[in-house]
>>> print(open('final-v3.cif').read())   # mmCIF, C-alpha atoms and all ligand atoms
data_model
#
loop_
_atom_site.label_atom_id
_atom_site.label_comp_id
_atom_site.auth_asym_id
_atom_site.auth_seq_id
_atom_site.Cartn_x
_atom_site.Cartn_y
_atom_site.Cartn_z
CA MET A 1 -46.93 21.15 22.63
CA ASN A 2 -47.86 17.45 22.69
CA ARG A 3 -45.31 14.69 22.36
CA ILE A 4 -45.88 14.18 18.63
CA ALA A 5 -45.55 17.91 18.06
CA ILE A 6 -42.31 18.02 20.07
CA PHE A 7 -41.01 15.03 18.08
CA SER A 8 -41.82 16.62 14.71
CA PHE A 9 -40.31 19.90 15.90
CA LEU A 10 -37.10 18.07 16.81
CA ILE A 11 -37.05 16.35 13.42
CA PHE A 12 -37.56 19.74 11.82
CA LEU A 13 -34.60 21.14 13.81
CA VAL A 14 -32.33 18.23 12.91
CA SER A 15 -33.23 18.29 9.23
CA THR A 16 -32.75 22.07 8.92
CA ASN A 17 -29.39 21.59 10.57
CA ILE A 18 -28.42 18.96 8.01
CA VAL A 19 -29.61 21.15 5.15
CA GLU A 20 -27.78 24.09 6.66
CA SER A 21 -24.49 22.24 7.16
CA LYS A 22 -24.74 20.77 3.65
CA THR A 23 -25.20 24.20 2.12
CA LYS A 24 -22.46 25.54 4.37
CA SER A 25 -19.95 22.88 3.25
CA LYS A 26 -20.99 23.58 -0.33
CA ARG A 27 -20.32 27.24 0.20
CA ILE A 28 -16.87 26.65 1.69
CA PRO A 29 -14.43 26.87 -1.22
CA PRO A 30 -12.60 23.60 -2.00
CA GLU A 31 -9.25 25.27 -1.26
CA THR A 32 -10.37 26.04 2.32
CA ARG A 33 -11.71 22.53 2.81
CA MET A 34 -8.40 21.16 1.57
CA ASN A 35 -6.60 23.35 4.10
CA ILE A 36 -8.65 21.80 6.91
CA VAL A 37 -7.83 18.28 5.69
CA ALA A 38 -4.16 19.24 5.24
CA GLU A 39 -3.86 20.39 8.85
CA LYS A 40 -5.32 17.10 10.06
CA TYR A 41 -2.88 15.26 7.80
CA VAL A 42 0.13 17.08 9.30
CA LYS A 43 -1.03 16.25 12.83
CA LEU A 44 -1.56 12.62 11.83
CA ILE A 45 1.99 12.36 10.42
CA LEU A 46 3.42 13.86 13.62
CA ALA A 47 1.36 11.38 15.67
CA ILE A 48 2.62 8.39 13.63
CA GLY A 49 6.14 9.75 14.14
CA GLN A 50 5.74 9.04 17.86
CA HIS A 51 5.78 5.32 16.98
CA ASP A 52 8.83 5.39 14.66
CA ALA A 53 11.68 7.87 15.10
CA ASP A 54 12.67 7.65 11.40
CA TYR A 55 9.21 8.45 10.06
CA VAL A 56 9.18 12.26 10.22
CA ASP A 57 12.17 13.24 8.12
CA ALA A 58 11.56 16.99 8.28
CA TYR A 59 9.10 19.24 10.11
CA TYR A 60 9.01 23.02 10.19
CA GLY A 61 5.38 23.74 11.07
CA PRO A 62 3.90 25.13 14.32
CA LYS A 63 5.89 24.00 17.34
CA GLU A 64 2.77 23.42 19.44
CA TRP A 65 1.52 20.73 17.02
CA HIS A 66 4.76 18.84 17.50
CA ASP A 67 4.65 19.29 21.28
CA ASP A 68 1.07 18.10 21.32
CA ALA A 69 1.93 14.94 19.34
CA ILE A 70 4.53 14.08 21.99
CA LYS A 71 2.38 14.97 24.97
CA ASN A 72 -0.73 13.18 23.73
CA LYS A 73 0.75 10.10 22.08
CA LYS A 74 -2.11 8.20 20.48
CA PRO A 75 -2.35 4.41 20.14
CA LEU A 76 -2.16 2.93 16.63
CA THR A 77 -5.81 1.82 16.62
CA ILE A 78 -6.93 5.42 17.17
CA LEU A 79 -4.53 6.66 14.48
CA LYS A 80 -6.06 4.21 12.04
CA ASP A 81 -9.52 5.67 12.67
CA ILE A 82 -8.19 9.20 12.33
CA ALA A 83 -6.46 8.36 9.03
CA PHE A 84 -9.66 6.78 7.72
CA GLY A 85 -11.67 9.85 8.75
CA ILE A 86 -9.31 12.24 6.96
CA GLN A 87 -9.41 10.07 3.83
CA SER A 88 -13.22 10.26 3.76
CA ASP A 89 -13.22 14.03 4.31
CA LEU A 90 -10.79 14.44 1.43
CA ALA A 91 -12.77 12.17 -0.90
CA LYS A 92 -15.83 14.42 -0.51
CA ILE A 93 -14.05 17.53 -1.79
CA LYS A 94 -14.84 18.29 -5.42
CA ILE A 95 -12.14 20.08 -7.36
CA PRO A 96 -13.24 22.45 -10.12
CA ARG A 97 -12.16 21.38 -13.57
CA LYS A 98 -9.12 23.15 -15.01
CA ASN A 99 -7.56 23.72 -11.59
CA GLU A 100 -4.63 21.36 -12.22
CA MET A 101 -2.59 22.38 -9.17
CA LEU A 102 -5.52 21.83 -6.81
CA ALA A 103 -6.26 18.46 -8.44
CA LEU A 104 -2.60 17.51 -7.96
CA ARG A 105 -2.83 18.64 -4.35
CA LYS A 106 -5.84 16.40 -3.73
CA THR A 107 -4.20 13.36 -5.35
CA TYR A 108 -1.02 14.08 -3.42
CA LEU A 109 -2.87 14.13 -0.09
CA ALA A 110 -4.87 11.00 -0.99
CA LYS A 111 -1.73 9.01 -1.87
CA GLN A 112 0.21 10.29 1.13
CA LEU A 113 -2.73 9.31 3.36
CA GLU A 114 -2.89 5.81 1.82
CA ALA A 115 0.79 5.41 2.64
CA ALA A 116 0.27 6.73 6.18
CA TYR A 117 -2.51 4.19 6.68
CA ALA A 118 -0.28 1.35 5.46
CA LYS A 119 2.53 2.56 7.73
CA ILE A 120 0.19 2.46 10.76
CA GLU A 121 -0.75 -1.12 9.83
CA MET A 122 2.93 -2.04 9.49
CA LEU A 123 3.72 -0.53 12.88
CA GLY A 124 0.90 -2.68 14.24
CA GLY A 125 2.60 -5.82 12.96
CA THR A 126 1.23 -6.27 9.42
CA THR A 127 3.87 -7.36 6.91
CA TYR A 128 3.50 -6.96 3.18
CA THR A 129 5.46 -8.54 0.39
CA PHE A 130 8.15 -6.32 -1.12
CA ASP A 131 5.92 -5.36 -4.06
CA GLU A 132 2.78 -4.80 -1.98
CA GLU A 133 4.76 -2.55 0.33
CA ALA A 134 6.30 -0.59 -2.58
CA LYS A 135 2.81 0.01 -3.96
CA LYS A 136 1.26 1.05 -0.65
CA LEU A 137 4.11 3.21 0.65
CA TYR A 138 5.59 4.60 -2.57
CA ASP A 139 2.75 4.45 -5.10
CA ALA A 140 5.01 2.45 -7.41
CA GLU A 141 5.34 -0.94 -9.09
CA PRO A 142 9.08 -1.60 -9.36
CA PRO A 143 10.20 -3.87 -12.23
CA ALA A 144 11.80 -7.26 -11.54
CA PHE A 145 14.94 -8.57 -13.25
CA THR A 146 16.30 -12.11 -13.61
CA GLU A 147 19.80 -13.23 -12.68
CA GLU A 148 20.50 -13.59 -16.42
CA TYR A 149 19.96 -9.88 -16.90
CA PHE A 150 22.69 -9.03 -14.40
CA LYS A 151 25.02 -11.74 -15.75
CA LYS A 152 24.94 -10.06 -19.18
CA ILE A 153 25.95 -6.71 -17.67
CA LEU A 154 28.75 -8.43 -15.73
CA LYS A 155 30.04 -9.75 -19.07
CA SER A 156 30.41 -6.29 -20.56
CA LEU A 157 32.03 -5.09 -17.35
CA ASP A 158 34.41 -8.05 -17.53
CA ALA A 159 35.56 -6.80 -20.94
CA ALA A 160 36.07 -3.24 -19.71
CA LEU A 161 38.14 -4.09 -16.60
CA PRO A 162 41.90 -4.76 -16.46
CA LYS A 163 42.61 -8.42 -17.23
CA ASP A 164 43.79 -9.67 -13.86
CA SER A 165 42.76 -12.50 -11.54
CA GLY A 166 39.56 -12.93 -9.55
CA THR A 167 35.82 -12.52 -10.12
CA VAL A 168 34.41 -9.48 -11.95
CA SER A 169 33.37 -8.04 -8.61
CA GLU A 170 36.86 -8.48 -7.09
CA ARG A 171 38.48 -6.96 -10.17
CA TYR A 172 36.06 -4.05 -10.14
CA ILE A 173 36.82 -3.37 -6.45
CA ARG A 174 40.59 -3.52 -7.11
CA PHE A 175 40.21 -1.12 -10.05
CA ARG A 176 37.98 1.26 -8.12
CA ASN A 177 40.30 1.32 -5.11
CA GLN A 178 42.70 3.46 -7.16
CA PHE A 179 40.10 6.26 -7.05
CA ILE A 180 39.66 6.81 -3.34
CA ILE A 181 39.67 10.41 -2.09
CA PRO A 182 42.36 10.66 0.63
CA LYS A 183 40.69 11.52 3.94
CA GLU A 184 42.58 14.78 4.39
CA LYS A 185 41.38 15.96 0.96
CA LEU A 186 37.75 14.99 1.44
CA ASP A 187 36.49 18.39 2.52
CA ALA A 188 38.28 20.31 -0.25
CA VAL A 189 36.91 17.91 -2.90
CA PHE A 190 33.37 18.02 -1.51
CA THR A 191 33.38 21.79 -1.19
CA ALA A 192 34.49 22.15 -4.83
CA ALA A 193 31.80 19.71 -6.01
CA ILE A 194 29.05 21.44 -4.03
CA THR A 195 30.14 24.89 -5.23
CA GLU A 196 30.04 23.74 -8.87
CA CYS A 197 26.62 22.07 -8.53
CA ARG A 198 25.24 25.07 -6.68
CA THR A 199 26.47 27.63 -9.24
CA ARG A 200 25.08 25.59 -12.13
CA THR A 201 21.72 25.02 -10.43
CA LYS A 202 21.30 28.70 -9.58
CA LYS A 203 21.63 29.61 -13.26
CA PHE A 204 18.31 27.86 -13.89
CA ILE A 205 16.47 27.83 -10.57
CA SER A 206 16.18 30.94 -8.47
CA LEU A 207 16.51 30.15 -4.78
CA PRO A 208 15.86 32.38 -1.77
CA LYS A 209 18.80 34.62 -0.86
CA ASN A 210 19.13 33.07 2.59
CA GLU A 211 19.32 29.45 1.37
CA SER A 212 22.21 27.71 3.10
CA PHE A 213 23.64 24.39 4.22
CA VAL A 214 26.38 22.96 6.39
CA VAL A 215 28.32 19.75 5.74
CA GLU A 216 29.23 17.35 8.54
CA TYR A 217 31.36 14.19 8.37
CA VAL A 218 29.89 11.38 10.49
CA ASN A 219 30.29 7.64 11.28
CA ASN A 220 28.27 4.54 12.10
CA LYS A 221 25.33 5.13 9.77
CA ALA A 222 23.35 2.80 7.51
CA TRP A 223 23.55 5.35 4.65
CA SER A 224 26.41 7.06 2.81
CA GLY A 225 24.98 10.58 2.82
CA TYR A 226 21.91 12.30 4.26
CA ASN A 227 20.18 15.64 3.92
CA TRP A 228 18.38 16.88 7.02
CA TYR A 229 16.17 19.73 5.95
CA LYS A 230 15.74 22.20 8.80
CA GLY A 231 13.26 24.63 7.22
CA ASN A 232 13.77 28.27 6.29
CA ALA A 233 15.89 27.16 3.31
CA HIS A 234 18.55 25.53 5.48
CA SER A 235 19.96 21.97 5.29
CA LEU A 236 22.41 19.89 7.25
CA ILE A 237 24.22 17.56 4.84
CA GLN A 238 25.95 14.61 6.48
CA VAL A 239 28.55 12.45 4.78
CA ASN A 240 29.34 9.03 6.26
CA THR A 241 33.08 8.30 6.32
CA ASP A 242 32.83 4.71 7.66
CA PHE A 243 34.20 3.45 4.35
CA PRO A 244 36.64 4.98 1.87
CA ILE A 245 34.90 7.48 -0.44
CA PHE A 246 35.48 7.18 -4.19
CA ILE A 247 35.95 10.23 -6.39
CA ASP A 248 32.60 9.86 -8.23
CA ARG A 249 30.77 10.18 -4.91
CA ALA A 250 31.80 13.84 -4.64
CA VAL A 251 29.59 15.04 -7.50
CA ASP A 252 26.98 12.36 -6.80
CA LEU A 253 26.54 13.41 -3.18
CA ALA A 254 26.84 17.15 -3.90
CA ALA A 255 24.07 16.92 -6.50
CA HIS A 256 21.94 14.31 -4.71
CA GLU A 257 21.95 15.79 -1.21
CA GLY A 258 22.39 19.40 -2.27
CA TYR A 259 21.98 20.95 -5.72
CA PRO A 260 19.60 20.26 -7.45
CA GLY A 261 18.72 17.32 -5.16
CA HIS A 262 17.18 17.14 -1.70
CA HIS A 263 18.17 20.61 -0.50
CA VAL A 264 16.73 22.34 -3.57
CA TYR A 265 13.60 20.14 -3.64
CA ASN A 266 12.84 20.96 0.00
CA VAL A 267 13.57 24.66 -0.48
CA LEU A 268 11.19 24.78 -3.47
CA LEU A 269 8.39 22.91 -1.70
CA GLU A 270 8.76 25.23 1.27
CA THR A 271 8.92 28.43 -0.79
CA GLU A 272 6.43 27.67 -3.55
CA LEU A 273 3.84 25.51 -1.80
CA LEU A 274 4.07 26.17 1.92
CA LYS A 275 4.90 29.89 2.00
CA LYS A 276 3.33 31.20 -1.23
CA LYS A 277 0.23 28.98 -1.39
CA LYS A 278 -0.04 28.32 2.35
CA TRP A 279 -0.39 24.58 1.75
CA ILE A 280 0.38 23.42 5.27
CA GLU A 281 0.93 19.75 4.32
CA PHE A 282 4.35 20.78 3.03
CA CYS A 283 5.68 21.60 6.50
CA VAL A 284 6.11 17.89 7.12
CA TYR A 285 7.90 15.17 5.19
CA PRO A 286 7.02 11.57 6.09
CA LEU A 287 9.93 9.43 4.95
CA PHE A 288 7.98 6.26 4.14
CA SER A 289 5.64 7.86 1.61
CA PRO A 290 5.32 8.43 -2.17
CA GLN A 291 7.05 11.79 -1.76
CA SER A 292 10.27 9.86 -1.15
CA LEU A 293 10.22 8.33 -4.61
CA ILE A 294 10.10 11.80 -6.12
CA ALA A 295 12.75 13.02 -3.66
CA GLU A 296 15.25 10.20 -4.27
CA GLY A 297 14.43 9.85 -7.97
CA SER A 298 14.86 13.56 -8.69
CA ALA A 299 17.99 13.74 -6.52
CA ASN A 300 19.59 10.91 -8.55
CA TYR A 301 18.41 12.18 -11.92
CA GLY A 302 19.55 15.67 -10.86
CA ILE A 303 23.17 14.48 -11.10
CA GLU A 304 23.00 14.27 -14.90
CA VAL A 305 20.87 17.40 -15.14
CA VAL A 306 23.43 19.51 -13.33
CA LEU A 307 26.50 17.87 -14.86
CA PRO A 308 25.78 16.06 -18.14
CA HIS A 309 28.37 13.36 -18.90
CA GLU A 310 30.74 15.37 -21.13
CA GLU A 311 30.74 18.38 -18.84
CA ARG A 312 31.25 16.20 -15.82
CA ILE A 313 34.32 14.57 -17.37
CA LEU A 314 35.80 18.03 -17.99
CA PHE A 315 35.07 19.16 -14.43
CA GLU A 316 36.52 15.97 -12.91
CA LYS A 317 39.66 16.41 -15.04
CA LYS A 318 40.12 20.09 -14.36
CA VAL A 319 39.12 20.30 -10.72
CA LEU A 320 38.26 17.22 -8.69
CA PHE A 321 40.91 14.68 -9.74
CA PRO A 322 43.76 17.23 -9.20
CA LEU A 323 42.25 18.28 -5.83
CA ALA A 324 42.13 14.65 -4.74
CA GLY A 325 45.67 14.05 -6.02
CA LEU A 326 44.44 11.48 -8.59
CA ASP A 327 45.88 11.02 -12.08
CA VAL A 328 43.72 12.89 -14.63
CA LYS A 329 44.62 10.50 -17.44
CA ASN A 330 42.34 7.89 -15.84
CA VAL A 331 39.17 10.01 -15.78
CA GLU A 332 37.55 8.65 -18.97
CA ARG A 333 38.38 5.04 -18.17
CA TYR A 334 37.00 5.37 -14.66
CA TYR A 335 33.70 6.83 -15.84
CA GLU A 336 33.39 4.27 -18.63
CA VAL A 337 33.57 1.51 -16.00
CA GLN A 338 31.27 3.42 -13.65
CA THR A 339 28.62 3.79 -16.36
CA LEU A 340 28.62 0.03 -16.90
CA ALA A 341 28.56 -0.67 -13.17
CA GLY A 342 25.62 1.75 -12.84
CA LYS A 343 23.55 -0.59 -15.01
CA LEU A 344 23.61 -3.03 -12.10
CA ALA A 345 21.61 -0.59 -9.93
CA TYR A 346 18.56 -2.84 -9.84
CA ALA A 347 20.58 -5.76 -8.44
CA GLY A 348 20.13 -4.26 -4.97
CA ASN A 349 16.33 -4.33 -5.38
CA GLU A 350 16.40 -8.04 -6.22
CA ALA A 351 18.44 -8.80 -3.09
CA ALA A 352 15.97 -6.74 -1.03
CA ARG A 353 12.89 -8.31 -2.66
CA ALA A 354 14.09 -11.89 -2.09
CA TYR A 355 15.47 -11.26 1.40
CA LEU A 356 12.43 -9.35 2.67
CA ASN A 357 10.04 -11.89 1.13
CA GLY A 358 11.96 -14.58 3.00
CA THR A 359 13.01 -16.51 -0.09
CA ILE A 360 16.75 -16.08 0.57
CA SER A 361 18.83 -15.94 3.77
CA LYS A 362 20.88 -12.98 4.97
CA GLU A 363 24.10 -14.74 3.85
CA LYS A 364 22.66 -15.29 0.39
CA ALA A 365 21.60 -11.61 0.22
CA ILE A 366 25.16 -10.53 1.11
CA ASP A 367 26.51 -12.95 -1.47
CA TRP A 368 24.14 -11.64 -4.18
CA LEU A 369 25.05 -8.04 -3.40
CA SER A 370 28.76 -8.88 -3.64
CA THR A 371 28.33 -10.64 -7.00
CA TYR A 372 25.79 -8.47 -8.79
CA ALA A 373 25.86 -5.11 -7.01
CA LEU A 374 29.69 -5.25 -6.79
CA PHE A 375 29.86 -4.58 -3.05
CA GLU A 376 32.87 -5.53 -0.96
CA PRO A 377 31.74 -8.05 1.71
CA MET A 378 31.80 -5.40 4.49
CA ARG A 379 29.81 -2.96 2.39
CA ALA A 380 27.36 -5.70 1.41
CA GLU A 381 26.71 -6.27 5.11
CA GLN A 382 26.14 -2.53 5.58
CA ARG A 383 23.71 -2.64 2.65
CA VAL A 384 21.76 -5.52 4.19
CA ARG A 385 21.45 -3.44 7.38
CA PHE A 386 20.09 -0.63 5.20
CA ILE A 387 17.59 -3.04 3.60
CA GLU A 388 16.46 -4.30 7.02
CA LYS A 389 15.90 -0.74 8.23
CA TYR A 390 14.48 0.92 5.12
CA ARG A 391 13.00 -2.15 3.36
CA SER A 392 11.32 -1.39 -0.02
CA TYR A 393 12.59 2.22 0.22
CA VAL A 394 15.50 0.97 -1.97
CA ILE A 395 13.32 1.26 -5.11
CA ASN A 396 13.13 5.04 -4.73
CA TYR A 397 16.73 5.48 -5.85
CA ASN A 398 16.83 3.51 -9.09
CA TYR A 399 13.20 3.12 -10.14
CA GLY A 400 12.55 6.67 -8.91
CA GLN A 401 15.43 7.91 -11.06
CA ASP A 402 14.09 6.10 -14.14
CA LEU A 403 10.55 7.41 -13.64
CA VAL A 404 11.71 11.01 -13.15
CA LYS A 405 14.09 10.76 -16.14
CA GLN A 406 11.36 9.41 -18.44
CA TYR A 407 8.93 12.07 -17.28
CA VAL A 408 11.32 14.99 -17.72
CA GLU A 409 12.59 13.76 -21.09
CA LYS A 410 9.09 13.18 -22.44
CA LYS A 411 7.93 16.60 -21.31
CA SER A 412 11.04 18.34 -22.63
CA GLY A 413 10.31 17.42 -26.25
CA LYS A 414 12.37 15.61 -28.89
CA LYS A 415 15.47 17.79 -28.99
CA PRO A 416 15.41 19.54 -25.66
CA THR A 417 17.64 22.49 -24.90
CA GLU A 418 19.40 22.62 -21.55
CA LYS A 419 17.01 25.43 -20.55
CA LYS A 420 13.91 23.39 -21.39
CA ARG A 421 15.13 20.37 -19.42
CA TRP A 422 15.76 22.52 -16.36
CA GLU A 423 12.35 24.13 -16.77
CA VAL A 424 10.51 20.81 -16.68
CA PHE A 425 12.70 19.57 -13.83
CA HIS A 426 12.11 22.78 -11.87
CA ALA A 427 8.32 22.53 -12.36
CA LEU A 428 8.36 18.94 -11.10
CA LEU A 429 10.31 19.93 -7.98
CA SER A 430 7.83 22.71 -7.23
CA SER A 431 4.61 20.71 -7.62
CA PRO A 432 2.86 18.04 -5.54
CA ARG A 433 3.25 15.41 -8.27
CA LEU A 434 3.57 11.78 -7.19
CA PRO A 435 4.89 8.56 -8.80
CA SER A 436 1.69 7.38 -10.50
CA GLY A 437 1.33 10.91 -11.92
CA LEU A 438 4.65 10.64 -13.75
CA LYS A 439 3.39 8.16 -16.35
ZN ZN B 501 18.62 10.72 -0.86
#
>>> encode(input="final-v3.cif", output="structure tokens")
Amino acid sequence: MNRIAIFSFLIFLVSTNIVESKTKSKRIPPETRMNIVAEKYVKLILAIGQHDADYVDAYYGPKEWHDDAIKNKKPLTILKDIAFGIQSDLAKIKIPRKNEMLALRKTYLAKQLEAAYAKIEMLGGTTYTFDEEAKKLYDAEPPAFTEEYFKKILKSLDAALPKDSGTVSERYIRFRNQFIIPKEKLDAVFTAAITECRTRTKKFISLPKNESFVVEYVNNKAWSGYNWYKGNAHSLIQVNTDFPIFIDRAVDLAAHEGYPGHHVYNVLLETELLKKKKWIEFCVYPLFSPQSLIAEGSANYGIEVVLPHEERILFEKKVLFPLAGLDVKNVERYYEVQTLAGKLAYAGNEAARAYLNGTISKEKAIDWLSTYALFEPMRAEQRVRFIEKYRSYVINYNYGQDLVKQYVEKKSGKKPTEKKRWEVFHALLSSPRLPSGLK
């Protein structure tokens, strides 16, 4: 064979290879191609986790992948290339029309990968503004509120509080201090709240028989409660006792961390998506990602799903207030004030936005949190530490709650029954839906 012949033969070989691999990739079903991308995604998340200990919030996939991530720690520049490569592989997969779950899976992976890419850049020293970061990491555009907005809410709170001396914030703190759970009664109150939330949730969502949790009381944390999901339907719920715990926190934490909040959400993702569908991406949960908005938003909204206002008042009166040794005649008044105070939830975002964008100092942020988010000075300092550590993550609680609430209420119809609301909520917790998909 002469040189030209050899050359054309080589070209022939290469081109048949291309044709062959193209037909091959066409023949591979999209589900299988997604599985390949998903495995790469899991390994990428574990690799990023080697650069930030808070990043991987839960992992219950193959142990050797985790070991490998530790043993072969990759530099950020390489991780960026890997993330980019996975994004391009994913973009090439065509999802057949009408396969809504697979389409959701693709969007989920695409958004999670965008967030992973942004996180790698942040670890490399890139800083974004509060709103840029919220968009890149959480797939969300949180609303902004003026000082006037919060002043108006303070006015209505002023009218609802006992008429004594001091600022609205000081008066609120004094009023609320009458509703602290005595330390020795903490466990009994929490256990009762968790049992109630669990029983109610299980009426509407069937959970695996072996689902379980343990509660631990801890100190020196930037958060007030945390759910560590361990896999195989088991959670460790930690409650921070650095500061006195108010009676409303019992149901709030029981629902948020447990039922139907984080514990249930993780159990459903593991059972429905990882085990039944074999979608491996659900063996890992990267904290700084759009999934967190759904997690925090559904955990907060879950409080009113599991115990709607009227029923909660009855339960507090009958069970929790007596268990805590508090006077039941104050239940309604306390929750009336708490509902008003809850309207100030976005005040924390404004402190975080201004502080992280560098437009206000740390002292000013503490001051703002004391005035508009009604924090005691010590708690305001703890909150600033939380903001420094978790940054724009703060939007996931309040904006996440609003997005999930709107979504569930819209999908439940005009006059939803309790059953319908749970149905929509359950479906959301068992699907790979992300923030921009809630609109
Ligand atoms: Zn949470």
>>> closest_residue(input="final-v3.cif", among="A:Thr359, A:Leu323, A:Ile366, A:Ile95", to="Met378 of chain A", atoms="only C-alpha atoms")
A:Ile366
>>> residues_near_ligand(input="final-v3.cif", ligand="ligand ZN 501 (chain B)", cutoff="7 Å", atoms="all atoms listed in the file", output="MDAnalysis selection string")
chainID A and resid 226 256:257 262 295:296 299
>>> atom_distance(input="final-v3.cif", atom1="atom CA of Ile70 of chain A", atom2="atom CA of Asn266 of chain A")
24.5 Å
>>> residues_around(input="final-v3.cif", residues="Asp52 of chain A", least_positions_apart="4", cutoff="10 Å", atoms="all atoms listed in the file", output="JSON, numbers by chain")
{"A": [47, 48, 56, 119, 120, 123]}
>>> closest_atom_pairs(input="final-v3.cif", of="segment 236-301 of chain A", to="segment 393-411 of chain A", cutoff="6 Å", atoms="all atoms listed in the file", output="JSON lines")
{"residue": "A:Leu293", "atom": "CA", "partner": "A:Asn396", "partner_atom": "CA", "distance": 4.4}
{"residue": "A:Glu296", "atom": "CA", "partner": "A:Tyr397", "partner_atom": "CA", "distance": 5.2}
{"residue": "A:Gly297", "atom": "CA", "partner": "A:Gln401", "partner_atom": "CA", "distance": 3.8}
{"residue": "A:Asn300", "atom": "CA", "partner": "A:Gln401", "partner_atom": "CA", "distance": 5.7}
{"residue": "A:Tyr301", "atom": "CA", "partner": "A:Gln401", "partner_atom": "CA", "distance": 5.3}
>>> write_last_selection(input="final-v3.cif", atoms="C-alpha atoms", output="mmCIF file, in the coordinates of the input")
data_model
loop_
_atom_site.group_PDB
_atom_site.id
_atom_site.type_symbol
_atom_site.label_atom_id
_atom_site.label_comp_id
_atom_site.auth_asym_id
_atom_site.auth_seq_id
_atom_site.Cartn_x
_atom_site.Cartn_y
_atom_site.Cartn_z
ATOM 1 C CA LEU A 293 10.220 8.330 -4.610
ATOM 2 C CA GLU A 296 15.250 10.200 -4.270
ATOM 3 C CA GLY A 297 14.430 9.850 -7.970
ATOM 4 C CA ASN A 300 19.590 10.910 -8.550
ATOM 5 C CA TYR A 301 18.410 12.180 -11.920
#
>>> closest_residue(input="final-v3.cif", among="A:Ala365, A:Leu287, A:Ile303, A:Ala110", to="Thr201 of chain A", atoms="only C-alpha atoms")
A:Ile303
>>> residues_near_point(input="final-v3.cif", point="(22.2, 25.9, 4.5)", cutoff="12 Å", atoms="only C-alpha atoms", output="PDB file with C-alpha atoms, keeping the file's coordinate frame")
ATOM      1  CA  ILE A 194      29.050  21.440  -4.030  1.00  0.00           C
ATOM      2  CA  ARG A 198      25.240  25.070  -6.680  1.00  0.00           C
ATOM      3  CA  LEU A 207      16.510  30.150  -4.780  1.00  0.00           C
ATOM      4  CA  PRO A 208      15.860  32.380  -1.770  1.00  0.00           C
ATOM      5  CA  LYS A 209      18.800  34.620  -0.860  1.00  0.00           C
ATOM      6  CA  ASN A 210      19.130  33.070   2.590  1.00  0.00           C
ATOM      7  CA  GLU A 211      19.320  29.450   1.370  1.00  0.00           C
ATOM      8  CA  SER A 212      22.210  27.710   3.100  1.00  0.00           C
ATOM      9  CA  PHE A 213      23.640  24.390   4.220  1.00  0.00           C
ATOM     10  CA  VAL A 214      26.380  22.960   6.390  1.00  0.00           C
ATOM     11  CA  VAL A 215      28.320  19.750   5.740  1.00  0.00           C
ATOM     12  CA  GLU A 216      29.230  17.350   8.540  1.00  0.00           C
ATOM     13  CA  ASN A 227      20.180  15.640   3.920  1.00  0.00           C
ATOM     14  CA  TRP A 228      18.380  16.880   7.020  1.00  0.00           C
ATOM     15  CA  TYR A 229      16.170  19.730   5.950  1.00  0.00           C
ATOM     16  CA  LYS A 230      15.740  22.200   8.800  1.00  0.00           C
ATOM     17  CA  GLY A 231      13.260  24.630   7.220  1.00  0.00           C
ATOM     18  CA  ASN A 232      13.770  28.270   6.290  1.00  0.00           C
ATOM     19  CA  ALA A 233      15.890  27.160   3.310  1.00  0.00           C
ATOM     20  CA  HIS A 234      18.550  25.530   5.480  1.00  0.00           C
ATOM     21  CA  SER A 235      19.960  21.970   5.290  1.00  0.00           C
ATOM     22  CA  LEU A 236      22.410  19.890   7.250  1.00  0.00           C
ATOM     23  CA  ILE A 237      24.220  17.560   4.840  1.00  0.00           C
ATOM     24  CA  GLU A 257      21.950  15.790  -1.210  1.00  0.00           C
ATOM     25  CA  GLY A 258      22.390  19.400  -2.270  1.00  0.00           C
ATOM     26  CA  TYR A 259      21.980  20.950  -5.720  1.00  0.00           C
ATOM     27  CA  HIS A 262      17.180  17.140  -1.700  1.00  0.00           C
ATOM     28  CA  HIS A 263      18.170  20.610  -0.500  1.00  0.00           C
ATOM     29  CA  VAL A 264      16.730  22.340  -3.570  1.00  0.00           C
ATOM     30  CA  ASN A 266      12.840  20.960   0.000  1.00  0.00           C
ATOM     31  CA  VAL A 267      13.570  24.660  -0.480  1.00  0.00           C
TER      32      VAL A 267
END
>>> atom_distance(input="final-v3.cif", atom1="atom CA of Asn35 of chain A", atom2="atom CA of Pro432 of chain A")
14.5 Å
>>> axis_aligned_box(input="final-v3.cif", around="segment 164-182 of chain A", padding_each_side="5 Å", output="JSON")
{"center_x": 38.6, "center_y": -1.1, "center_z": -6.6, "size_x": 20.4, "size_y": 33.6, "size_z": 24.5}
>>> closest_residue(input="final-v3.cif", among="A:Ala116, A:Met34, A:Met101, A:Ala192", to="Leu428 of chain A", atoms="all atoms listed in the file")
A:Met101
>>> atom_distance(input="final-v3.cif", atom1="atom CA of Lys317 of chain A", atom2="atom CA of Tyr217 of chain A")
24.9 Å
>>> residues_around(input="final-v3.cif", residues="Pro244 of chain A", least_positions_apart="5", cutoff="8 Å", atoms="only C-alpha atoms", output="list in words")
Ile180, Ile181 and Lys183 of chain A
>>> closest_residue(input="final-v3.cif", among="A:Ile153, A:Met122, A:Cys283, A:Leu102", to="Leu76 of chain A", atoms="only C-alpha atoms")
A:Met122
